[in-house]
Each structure stands twice: as C-alpha cells, then as structure tokens.
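Text of the file data.txt, holding compact mmCIF, C-alpha atoms:
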```txt
# COMPACT_ATOMS: atom_id res chain seq x y z
CA MET S 1 0.00 0.00 0.00
CA LEU S 2 1.01 3.60 -0.55
CA GLU S 3 0.81 4.40 3.15
CA ALA S 4 3.09 1.50 4.02
CA THR S 5 5.61 2.55 1.38
CA TRP S 6 5.75 6.07 2.75
CA LYS S 7 6.00 4.80 6.30
CA GLU S 8 8.92 2.55 5.44
CA SER S 9 10.69 5.40 3.67
CA GLU S 10 10.48 7.52 6.84
CA ALA S 11 13.63 5.87 8.17
CA GLN S 12 15.53 6.85 5.01
CA LEU S 13 15.06 10.58 5.49
CA GLU S 14 18.25 12.23 6.74
CA GLY S 15 17.30 15.92 6.45
CA ALA S 16 14.39 18.34 6.60
CA GLU S 17 13.40 17.24 10.10
CA VAL S 18 12.52 20.75 11.27
CA ILE S 19 9.96 21.41 8.57
CA LEU S 20 8.51 17.92 8.89
CA GLU S 21 7.88 18.40 12.61
CA VAL S 22 6.31 21.82 11.95
CA PHE S 23 3.89 20.32 9.45
CA ARG S 24 3.04 17.49 11.83
CA PHE S 25 2.33 20.05 14.53
CA PHE S 26 0.07 22.04 12.18
CA SER S 27 -1.77 18.95 10.96
CA MET S 28 -2.32 17.59 14.46
CA SER S 29 -3.54 20.93 15.77
CA LYS S 30 -5.93 21.53 12.89
CA SER S 31 -7.23 17.96 12.67
CA ARG S 32 -8.04 17.86 16.39
CA GLY S 33 -9.78 21.21 16.29
CA GLY S 34 -7.01 22.96 18.21
CA GLN S 35 -6.54 26.70 18.28
CA PRO S 36 -3.75 28.43 16.35
CA ASN S 37 -0.50 28.99 18.19
CA PRO S 38 -0.42 32.20 20.24
CA PRO S 39 2.20 34.78 19.36
CA PRO S 40 5.64 33.66 20.57
CA THR S 41 6.91 35.55 23.59
CA THR S 42 10.51 35.26 22.47
CA PRO S 43 12.16 34.59 19.09
CA SER S 44 13.25 31.14 20.27
CA ALA S 45 9.64 30.24 21.09
CA ASN S 46 8.55 30.61 17.48
CA PRO S 47 7.55 27.09 16.30
CA ASN S 48 7.96 28.18 12.68
CA ALA S 49 11.71 28.72 12.87
CA GLY S 50 13.33 27.13 9.84
CA MET S 51 9.99 26.99 8.01
CA ILE S 52 11.43 27.34 4.50
CA PHE S 53 12.78 24.03 3.27
CA VAL S 54 16.09 24.21 1.41
CA PRO S 55 17.18 20.99 -0.35
CA GLU S 56 20.78 19.87 -0.11
CA PRO S 57 22.96 20.96 -3.06
CA ILE S 58 23.18 18.36 -5.80
CA GLU S 59 26.26 17.74 -7.90
CA PRO S 60 25.38 18.25 -11.60
CA VAL S 61 25.42 15.06 -13.64
CA ALA S 62 27.30 16.94 -16.34
CA LEU S 63 27.96 20.50 -17.50
CA PHE S 64 24.74 22.44 -18.17
CA THR S 65 24.90 23.60 -21.80
CA GLY S 66 21.37 23.25 -23.25
CA ALA S 67 18.32 25.45 -23.63
CA VAL S 68 14.99 23.61 -23.34
CA LEU S 69 11.47 24.83 -24.10
CA TYR S 70 8.70 22.83 -22.45
CA PRO S 71 5.03 23.31 -21.42
CA LEU S 72 5.70 24.71 -17.94
CA ALA S 73 2.24 26.17 -17.30
CA GLU S 74 0.45 22.95 -18.29
CA VAL S 75 2.73 20.71 -16.21
CA LEU S 76 2.29 22.93 -13.14
CA GLU S 77 -1.49 23.08 -13.60
CA LEU S 78 -1.66 19.29 -13.86
CA ALA S 79 0.65 18.76 -10.88
CA ARG S 80 -1.29 21.14 -8.66
CA GLY S 81 -4.62 19.57 -9.58
CA ILE S 82 -3.70 15.93 -9.00
CA ILE S 83 -1.76 16.70 -5.81
CA ALA S 84 -4.71 18.69 -4.43
CA ASN S 85 -6.97 15.70 -5.14
CA LEU S 86 -4.52 13.38 -3.38
CA GLU S 87 -4.35 15.72 -0.39
CA ARG S 88 -8.17 15.75 -0.04
CA HIS S 89 -8.17 11.95 -0.16
CA HIS S 90 -5.64 11.61 2.66
CA ARG S 91 -7.37 14.24 4.78
CA ILE S 92 -10.51 12.13 4.58
CA LEU S 93 -8.50 9.05 5.60
CA LEU S 94 -7.03 11.05 8.49
CA GLN S 95 -10.50 12.09 9.65
CA VAL S 96 -11.72 8.49 9.52
CA ALA S 97 -8.71 7.31 11.53
CA GLN S 98 -9.36 9.95 14.17
CA GLU S 99 -13.05 9.10 14.40
CA GLN S 100 -12.13 5.43 14.87
CA GLN S 101 -9.35 6.39 17.33
CA ASP S 102 -6.85 4.42 15.27
CA ASP S 103 -3.59 6.03 16.40
CA GLN S 104 -1.37 4.03 14.06
CA GLU S 105 -3.40 4.89 10.97
CA GLU S 106 -3.63 8.50 12.11
CA LEU S 107 0.16 8.72 12.30
CA ILE S 108 0.50 7.18 8.84
CA GLN S 109 -1.91 9.71 7.35
CA LEU S 110 -0.21 12.63 9.11
CA ASN S 111 3.13 11.50 7.66
CA ASN S 112 1.56 11.19 4.22
CA LEU S 113 0.17 14.73 4.49
CA VAL S 114 3.61 15.99 5.53
CA ASP S 115 5.05 14.50 2.33
CA ILE S 116 2.25 16.02 0.26
CA ASN S 117 2.77 19.43 1.84
CA LEU S 118 6.46 19.38 0.99
CA THR S 119 5.58 18.61 -2.62
CA ILE S 120 2.99 21.41 -2.66
CA TYR S 121 5.71 23.74 -1.39
CA ALA S 122 7.75 22.86 -4.49
CA VAL S 123 5.12 23.25 -7.22
CA ASP S 124 2.63 25.67 -5.64
CA PRO S 125 4.50 27.91 -3.17
CA LEU S 126 1.70 30.49 -2.91
CA ARG S 127 -0.84 27.85 -1.90
CA TRP S 128 1.67 26.45 0.57
CA LYS S 129 2.13 29.95 2.02
CA GLU S 130 -1.65 30.33 2.41
CA SER S 131 -1.91 26.98 4.22
CA VAL S 132 0.82 28.00 6.68
CA GLU S 133 -1.01 31.27 7.39
CA GLU S 134 -4.33 29.44 7.78
CA ASN S 135 -2.85 27.05 10.34
CA ASN S 136 -0.86 29.70 12.14
CA PRO S 137 -2.17 33.26 11.63
CA TYR S 138 0.54 34.59 13.94
CA HIS S 139 3.39 33.52 11.69
CA VAL S 140 5.47 36.42 10.43
CA TRP S 141 7.37 36.00 7.17
CA SER S 142 10.72 37.64 6.71
CA GLU S 143 11.24 39.87 3.69
CA LYS S 144 13.59 37.28 2.21
CA GLU S 145 11.04 34.47 2.66
CA LEU S 146 8.27 36.49 1.00
CA GLU S 147 10.52 37.44 -1.88
CA GLY S 148 11.44 33.82 -2.44
CA LEU S 149 7.88 32.45 -2.21
CA THR S 150 6.38 35.07 -4.52
CA HIS S 151 9.14 35.11 -7.14
CA PRO S 152 7.67 34.43 -10.63
CA ARG S 153 10.10 31.56 -11.25
CA LYS S 154 9.77 29.93 -7.81
CA ALA S 155 7.33 27.24 -8.98
CA GLU S 156 9.48 26.33 -11.97
CA GLU S 157 12.50 26.07 -9.71
CA GLY S 158 10.52 23.71 -7.50
CA LEU S 159 9.35 21.66 -10.47
CA LEU S 160 12.86 21.19 -11.83
CA GLY S 161 14.07 20.38 -8.33
CA LEU S 162 11.29 17.92 -7.42
CA SER S 163 13.76 15.05 -7.30
CA ARG S 164 15.50 16.80 -4.40
CA ILE S 165 12.33 17.03 -2.27
CA PRO S 166 12.04 14.21 0.29
CA ARG S 167 9.59 11.56 -0.97
CA ALA S 168 8.14 13.80 -3.68
CA GLU S 169 8.63 10.89 -6.06
CA PHE S 170 6.16 8.79 -4.04
CA VAL S 171 3.68 11.67 -3.86
CA ILE S 172 3.75 12.28 -7.61
CA GLN S 173 3.46 8.58 -8.36
CA ALA S 174 0.46 8.24 -6.06
CA ALA S 175 -1.19 11.38 -7.47
CA ILE S 176 -0.76 10.14 -11.05
CA GLU S 177 -2.10 6.68 -10.22
CA ARG S 178 -5.11 8.23 -8.50
CA ARG S 179 -5.78 10.49 -11.49
CA LYS S 180 -5.64 7.55 -13.92
CA THR S 181 -7.92 5.49 -11.71
CA LYS S 182 -10.48 8.28 -11.41
CA ARG S 183 -10.59 9.09 -15.10
CA GLY S 184 -10.77 5.46 -16.25
CA ILE S 185 -9.21 3.88 -19.32
CA PRO S 186 -8.62 6.51 -22.03
CA PRO S 187 -10.00 5.86 -25.52
CA PRO S 188 -7.17 4.93 -27.89
CA ASP S 189 -8.05 7.79 -30.27
CA ASP S 190 -8.41 10.54 -27.62
CA ALA S 191 -5.75 13.16 -28.32
CA TYR S 192 -6.44 15.08 -25.10
CA TRP S 193 -5.76 12.10 -22.88
CA ARG S 194 -2.59 11.27 -24.81
CA LYS S 195 -1.39 14.81 -24.13
CA GLU S 196 -2.27 14.46 -20.45
CA ASP S 197 -0.33 11.19 -20.30
CA ALA S 198 2.66 12.93 -21.86
CA LEU S 199 2.49 15.71 -19.24
CA MET S 200 2.23 13.15 -16.43
CA ASN S 201 5.22 11.27 -17.82
CA LEU S 202 7.23 14.49 -17.79
CA LEU S 203 6.10 15.28 -14.25
CA GLN S 204 7.10 11.83 -13.07
CA PHE S 205 10.49 12.26 -14.77
CA PHE S 206 11.09 15.50 -12.88
CA SER S 207 10.26 13.82 -9.56
CA ASN S 208 12.46 10.73 -10.05
CA TRP S 209 15.26 10.92 -7.50
CA CYS S 210 17.67 9.33 -9.99
CA ASN S 211 17.34 12.45 -12.16
CA ALA S 212 18.57 14.89 -9.53
CA GLY S 213 21.40 16.88 -11.03
CA LEU S 214 20.06 16.85 -14.59
CA PHE S 215 18.58 20.35 -14.35
CA VAL S 216 19.69 23.61 -12.86
CA PRO S 217 16.66 24.78 -10.81
CA SER S 218 16.97 28.50 -11.51
```
Mind turning this structure into structure tokens?
Amino acid sequence: MLEATWKESEAQLEGAEVILEVFRFFSMSKSRGGQPNPPPTTPSANPNAGMIFVPEPIEPVALFTGAVLYPLAEVLELARGIIANLERHHRILLQVAQEQQDDQEELIQLNNLVDINLTIYAVDPLRWKESVEENNPYHVWSEKELEGLTHPRKAEEGLLGLSRIPRAEFVIQAAIERRKTKRGIPPPDDAYWRKEDALMNLLQFFSNWCNAGLFVPS
C-alpha cells in the first residue's frame, strides 16, 4: 500500500526534520480542532523557525549547456490539480482514523500529508504559504522568505528540483495513479488524454530521485 511505502521510507530521510515536525504540529492541531498557536513571547519560542525548506545541493550530472522549451504552465497546472486531489483523499483518511481512534493509521496519514505538503511547497509555493497562514495566523514572514515564495520563477525552480524534495517521487506517483484510476481507461483515439499522459510522464520524470542533477533549478 502507498501508506506502508511512505511509512517505510520515513527511516531513510536524513534531512528536513525541522519542517517535517512543523507540518506534523500544524496537521495535528488543525485535525483535532485545536486553536492556532499564540504569538511567541521570544524569538526562540517561534515554532515556525526554519519553516522554508532548502534541499541539499546536488552535484550536476554533467555540465549544463542546453536550452529547453517545455510546457511549464500545463505541467504545473496538472501537478497542482492531481496533488490537491490526493491531499483531499488523505485528509478524509485522516479524519476516519481519528473518528475510529486508530492512532497508528492517524500517524501514517499525518506522515503522508507531511510528504504532500512538501511537494505542494515545491510546485505551488503560494498555496503552501496560504496553508501555513491558515494554520498559524501569527506567523510572520521575513522579507527574504516572502521574496522567495512570490518570485515568478519559484514554482518552476521547485518543479525542476522535485527530485530533491524528500519523498516527492512517491507523492507524484500516487497522485498520477489516482488520477488515472479516477478518469478510467482513455479511448485509444483521444488526443487530449494522450497529451495528459505525456504531461504526467514528464512530471514523473522530474520527480524521479535518480534524475537529480540533470537540471539547474533556476
């Protein structure tokens, strides 16, 4: 199962622990009907310290010399749509686990939502920013953070760097599989679905961890 795969991969994560714990805190607070965090009394009390996730530098596979044109807007639109659908699905599973008081399943779904949120941060930084503010209205962004999140090329940078995001490959794979299951088997002569398949193949390529270092993300 997808949840088991993500759970097993938890032990393989070596970085990004701060942001993962922040997302778990947000998800737990919101899912249990908790109130937003009060304003921190001191800078060290701010639970959002280290909020912006910065992937580890990746050694280029080879010298970057090409110039590639590709359907950026369409890939991002597709990615955002199928990931949003996957997120709704796992929030429903989380709610069911909480209603049944299944602590193990609840933890699995919280971890899955952490992975999904990290992937949203990559391909839809403005939506990610809104979700942080919704969960914690007291959070104050630095000028540098705001500049980075709202930069016109931020989403493309995240797309080209998907392979560097912890477990984004599993999220994208699950989102694509869910999309294909929901839409059914495409007619063999349907040009639109063939184009969608091509976009999903490209998205999956970007997320494959083996391809880290093939693109410069800026």
* Record the distance separating atom CA of S:Ala84 and atom CA of S:Val123, expressed in Å with one decimal. => 11.2 Å
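Near (-0.5, 15.4, -1.0), the residues that fall inside 6 Å on the basis of only C-alpha atoms are Ile83, Leu86, Glu87, Leu113, Ile116 and Asn117 of chain S.
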* Can you work out the spacing between atom CA of S:Leu160 and atom CA of S:Asn85 in Å, to one decimal? =>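 According to the coordinates, atom CA of S:Leu160 and atom CA of S:Asn85 are separated by 21.6 Å.
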Using only the atoms of stretch 158-176 of chain S listed in the file, plus 3 Å on each side, state the axis-aligned box centre and edge lengths in Å rounded to one decimal, as lines of an AutoDock Vina configuration file.
```
center_x = 7.2
center_y = 16.0
center_z = -5.8
size_x = 22.7
size_y = 21.5
size_z = 18.1
```
* Asked: Which distance in Å separates atom CA of S:Glu105 and atom CA of S:Arg167, to one decimal?
  ->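 These atoms are spaced 18.9 Å apart.
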* Asked: What's the 12 Å shell around S:Leu159, counting all atoms listed in the file, without same-chain residues fewer than 6 positions away, as a PyMOL selection string?
  -> chain S and resi 71-80+119-125+153+165+168-169+172+202-208+212+215-218
Resulting file, chosen residues, C-alpha atoms, as a short mmCIF file (atom, residue, chain, number, x, y, z; two decimals), keeping the file's coordinate frame:
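After the write, result.cif holds the following:
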```
data_model
loop_
_atom_site.label_atom_id
_atom_site.label_comp_id
_atom_site.auth_asym_id
_atom_site.auth_seq_id
_atom_site.Cartn_x
_atom_site.Cartn_y
_atom_site.Cartn_z
CA PRO S 71 5.03 23.31 -21.42
CA LEU S 72 5.70 24.71 -17.94
CA ALA S 73 2.24 26.17 -17.30
CA GLU S 74 0.45 22.95 -18.29
CA VAL S 75 2.73 20.71 -16.21
CA LEU S 76 2.29 22.93 -13.14
CA GLU S 77 -1.49 23.08 -13.60
CA LEU S 78 -1.66 19.29 -13.86
CA ALA S 79 0.65 18.76 -10.88
CA ARG S 80 -1.29 21.14 -8.66
CA THR S 119 5.58 18.61 -2.62
CA ILE S 120 2.99 21.41 -2.66
CA TYR S 121 5.71 23.74 -1.39
CA ALA S 122 7.75 22.86 -4.49
CA VAL S 123 5.12 23.25 -7.22
CA ASP S 124 2.63 25.67 -5.64
CA PRO S 125 4.50 27.91 -3.17
CA ARG S 153 10.10 31.56 -11.25
CA ILE S 165 12.33 17.03 -2.27
CA ALA S 168 8.14 13.80 -3.68
CA GLU S 169 8.63 10.89 -6.06
CA ILE S 172 3.75 12.28 -7.61
CA LEU S 202 7.23 14.49 -17.79
CA LEU S 203 6.10 15.28 -14.25
CA GLN S 204 7.10 11.83 -13.07
CA PHE S 205 10.49 12.26 -14.77
CA PHE S 206 11.09 15.50 -12.88
CA SER S 207 10.26 13.82 -9.56
CA ASN S 208 12.46 10.73 -10.05
CA ALA S 212 18.57 14.89 -9.53
CA PHE S 215 18.58 20.35 -14.35
CA VAL S 216 19.69 23.61 -12.86
CA PRO S 217 16.66 24.78 -10.81
CA SER S 218 16.97 28.50 -11.51
#
```
* **Contacts of S:Leu93 within 12 Å, all atoms listed in the file, excl. fewer than 3 positions in-chain, as a PyMOL selection string** => chain S and resi 3+31+86-90+96-100+102+105-110+112-113
Output file for the selection above: C-alpha atoms, as a PDB file, in the frame of the given file:
```pdb
ATOM      1  CA  GLU S   3       0.810   4.400   3.150  1.00  0.00           C
ATOM      2  CA  SER S  31      -7.230  17.960  12.670  1.00  0.00           C
ATOM      3  CA  LEU S  86      -4.520  13.380  -3.380  1.00  0.00           C
ATOM      4  CA  GLU S  87      -4.350  15.720  -0.390  1.00  0.00           C
ATOM      5  CA  ARG S  88      -8.170  15.750  -0.040  1.00  0.00           C
ATOM      6  CA  HIS S  89      -8.170  11.950  -0.160  1.00  0.00           C
ATOM      7  CA  HIS S  90      -5.640  11.610   2.660  1.00  0.00           C
ATOM      8  CA  VAL S  96     -11.720   8.490   9.520  1.00  0.00           C
ATOM      9  CA  ALA S  97      -8.710   7.310  11.530  1.00  0.00           C
ATOM     10  CA  GLN S  98      -9.360   9.950  14.170  1.00  0.00           C
ATOM     11  CA  GLU S  99     -13.050   9.100  14.400  1.00  0.00           C
ATOM     12  CA  GLN S 100     -12.130   5.430  14.870  1.00  0.00           C
ATOM     13  CA  ASP S 102      -6.850   4.420  15.270  1.00  0.00           C
ATOM     14  CA  GLU S 105      -3.400   4.890  10.970  1.00  0.00           C
ATOM     15  CA  GLU S 106      -3.630   8.500  12.110  1.00  0.00           C
ATOM     16  CA  LEU S 107       0.160   8.720  12.300  1.00  0.00           C
ATOM     17  CA  ILE S 108       0.500   7.180   8.840  1.00  0.00           C
ATOM     18  CA  GLN S 109      -1.910   9.710   7.350  1.00  0.00           C
ATOM     19  CA  LEU S 110      -0.210  12.630   9.110  1.00  0.00           C
ATOM     20  CA  ASN S 112       1.560  11.190   4.220  1.00  0.00           C
ATOM     21  CA  LEU S 113       0.170  14.730   4.490  1.00  0.00           C
TER      22      LEU S 113
END
```
